[in-house]
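> Here it is: the structure, laid out below.
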Amino acid sequence: MSLAAATVPTGAAGADGDVALRHLAVIMDGNGRWAQARRLPRVAGHRAGIEAVRRVVEAAPVLGIEVLTLYAFSAENWKRPADEVADLMGLLRHYIRSEIKELHRNGVRLQFIGDWRALKPDIVAMLDDARALTAGNDRLTLVVALNYGGQQELVRAARALAADVAAGVLAADAIDDAAIDARLDTAGLPPPDIVLRTSGEMRLSNFLLWQSAYAEFVVTETLWPDFDRAALESALAEFATRVRRFGGR
Ligand code: FPP
């Protein structure tokens with residue numbers, strides 16, 4: 001049994017001071033620097049990043065992770081040059097097309113968060129098909145954040161709450177944490193226990209702002225394209241040393 005599997009029990013999180021791990025959320029950073037260091041175009045870094053996605057999706061359920069969320073394209077990433085945006089969308093198409101059967105065979109349930117329905121219609125159709133195909137799987141829930149921003153998600157939730165209040169189906173003073181949770185893209189998923197960021201930056205970058213209230217932040221120097229099972233096990237081992245108090249003492 002690996003170190004992480006031995007030290008990071010699965011099951012419900014929340015007991016005072018425990019290190020239960022259900023949900024790992026990852027800010028995959030460093031593709032550009034990886035390519036630059038090799039004098040390659042940025043797309044080569046993103047392509048190598050897909051290989052890291054494959055490795056981590058394979059390792060995650062073996063290490064006891066139930067939910068893996070990957071920040072693949074932020075709502076702010078549209079500001080990148082058009083050719084890089086097109087490359088990222090092309091890689092997303094390629095990933096889904098080439099991996100979906102294998103993901104399904106491996107018991108992976110695919111979900112998407114963010115305003116992914118605003119992507120090109122062929123991608124939206126592909127994502128819808130992938131969700132439908134894998135909806136019954138339960139070995140790993142793979143959540144891909146696409147056109148995602150935490151602030152934008154909260155705005156959508158606020159609008160949904162306002163609409164329910166206006167329609168008379170919700171009293172304003174009945175709005176509580178659970179009412180907000182239920183209107184987020186992540187409704188029904190446990191909150192992240194770890195937010196992991198690769199390549200050394202110490203920023204949340206508009207990722208899971210509400211959901212990560214009590215997440216442990218783990219930053220690794222490894223660039224995302226170099227990330228592998230060993231790097232994941234190191235991150236989980238660091239998490240296992242943390243004492244989680246959830247505001248208690
Ligand atoms: C950050 O690196 C990474 C991204 C903006 C995209 C991440 C996307 C992938 C790994 C591929 C698509 C994923 C899936 C699940 C299909 P950066 O370019 O900001 O790196 P830098 O900070 O070194 O420039």
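By convention here, the chains of the structure tokens are called A, B, ... in the order presented, each chain's residues are numbered starting at 1, and ligands are numbered starting at 1 in the order presented.
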Which chains and residue numbers are within 10 Å of ligand 1, counting only C-alpha atoms and all ligand atoms, if I want them as an NGL selection string?
:A and (27-37 or 42-43 or 45-54 or 57 or 69-74 or 76-78 or 80 or 84-85 or 87-96 or 99 or 142-146 or 198-201 or 223-225)
> Apply DSSP to the backbone of this structure and, from region 38-182 of chain A, keep only the residues in strand (DSSP E); write these as a list in words.
Val67, Leu68, Thr69, Leu70, Tyr71, Ala72, Phe73, Ser74, Val108, Arg109, Leu110, Gln111, Phe112, Ile113, Leu140, Thr141, Leu142, Val143, Val144, Ala145, Leu146, Asn147 and Tyr148 of chain A
> Between CA of Pro190 (chain A) and CA of Leu24 (chain A), what is the distance, to one decimal in Å?
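Between CA of Pro190 (chain A) and CA of Leu24 (chain A) the gap is 10.0 Å.
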> Restricting the calculation to only C-alpha atoms, which member of A:Arg131, A:Ala231, A:Leu161, A:Met126 is positioned closest to Asp177 (chain A)?
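Of the candidates, the smallest distance to Asp177 (chain A) is held by A:Leu161.
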> Considering only C-alpha atoms, return as a list in words whatever protein or nucleic-acid residues lie within 10 Å of Leu196 (chain A), sequence-local ones (same chain, fewer than 2 positions apart) excluded.
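The neighbour list is Leu24, Ala25, Val26, Ile27, Met28, Asp29, Leu70, Pro192, Asp193, Ile194, Thr198, Met202, Leu204, Ala215, Glu216, Phe217, Val218, Val219, Thr220, Leu232, Ala235, Leu236 and Phe239 of chain A.
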> What's around Arg109 (chain A) at 7 Å? Count only C-alpha atoms, leave out sequence neighbours fewer than 3 positions away in its own chain, and write the answer as number ranges by chain.
A: 134-138, 140-142
> What does the distance from CA of Arg183 (chain A) to CA of Phe246 (chain A) come to in Å, to one decimal?
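Distance reported for this atom pair: 22.7 Å.
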> Please provide the set of residues having any atom within 6 Å of Ile65 (chain A), restricted to only C-alpha atoms, with same-chain residues fewer than 4 positions apart removed, written as a list in words.
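Once the nearby chain positions are removed, what remains is Arg22, Ala60 and Pro61 of chain A.
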> Limited to C-alpha atoms, could you put the picked residues into a file as a PDB file, in the first residue's frame?

```
ATOM      1  CA  ARG A  22     -12.586  13.034  -0.479  1.00  0.00           C
ATOM      2  CA  ALA A  60      -6.514   9.502  -8.005  1.00  0.00           C
ATOM      3  CA  PRO A  61      -9.003   6.675  -7.291  1.00  0.00           C
TER       4      PRO A  61
END
```
> Record the distance separating CA of Glu102 (chain A) and CA of Pro191 (chain A), expressed in Å with one decimal.
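Distance reported for this atom pair: 26.6 Å.
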> Considering only C-alpha atoms, return as a VMD selection string whatever protein or nucleic-acid residues lie within 6 Å of Gly150 (chain A), sequence-local ones (same chain, fewer than 2 positions apart) excluded.
chain A and resid 152 to 153 206 to 209
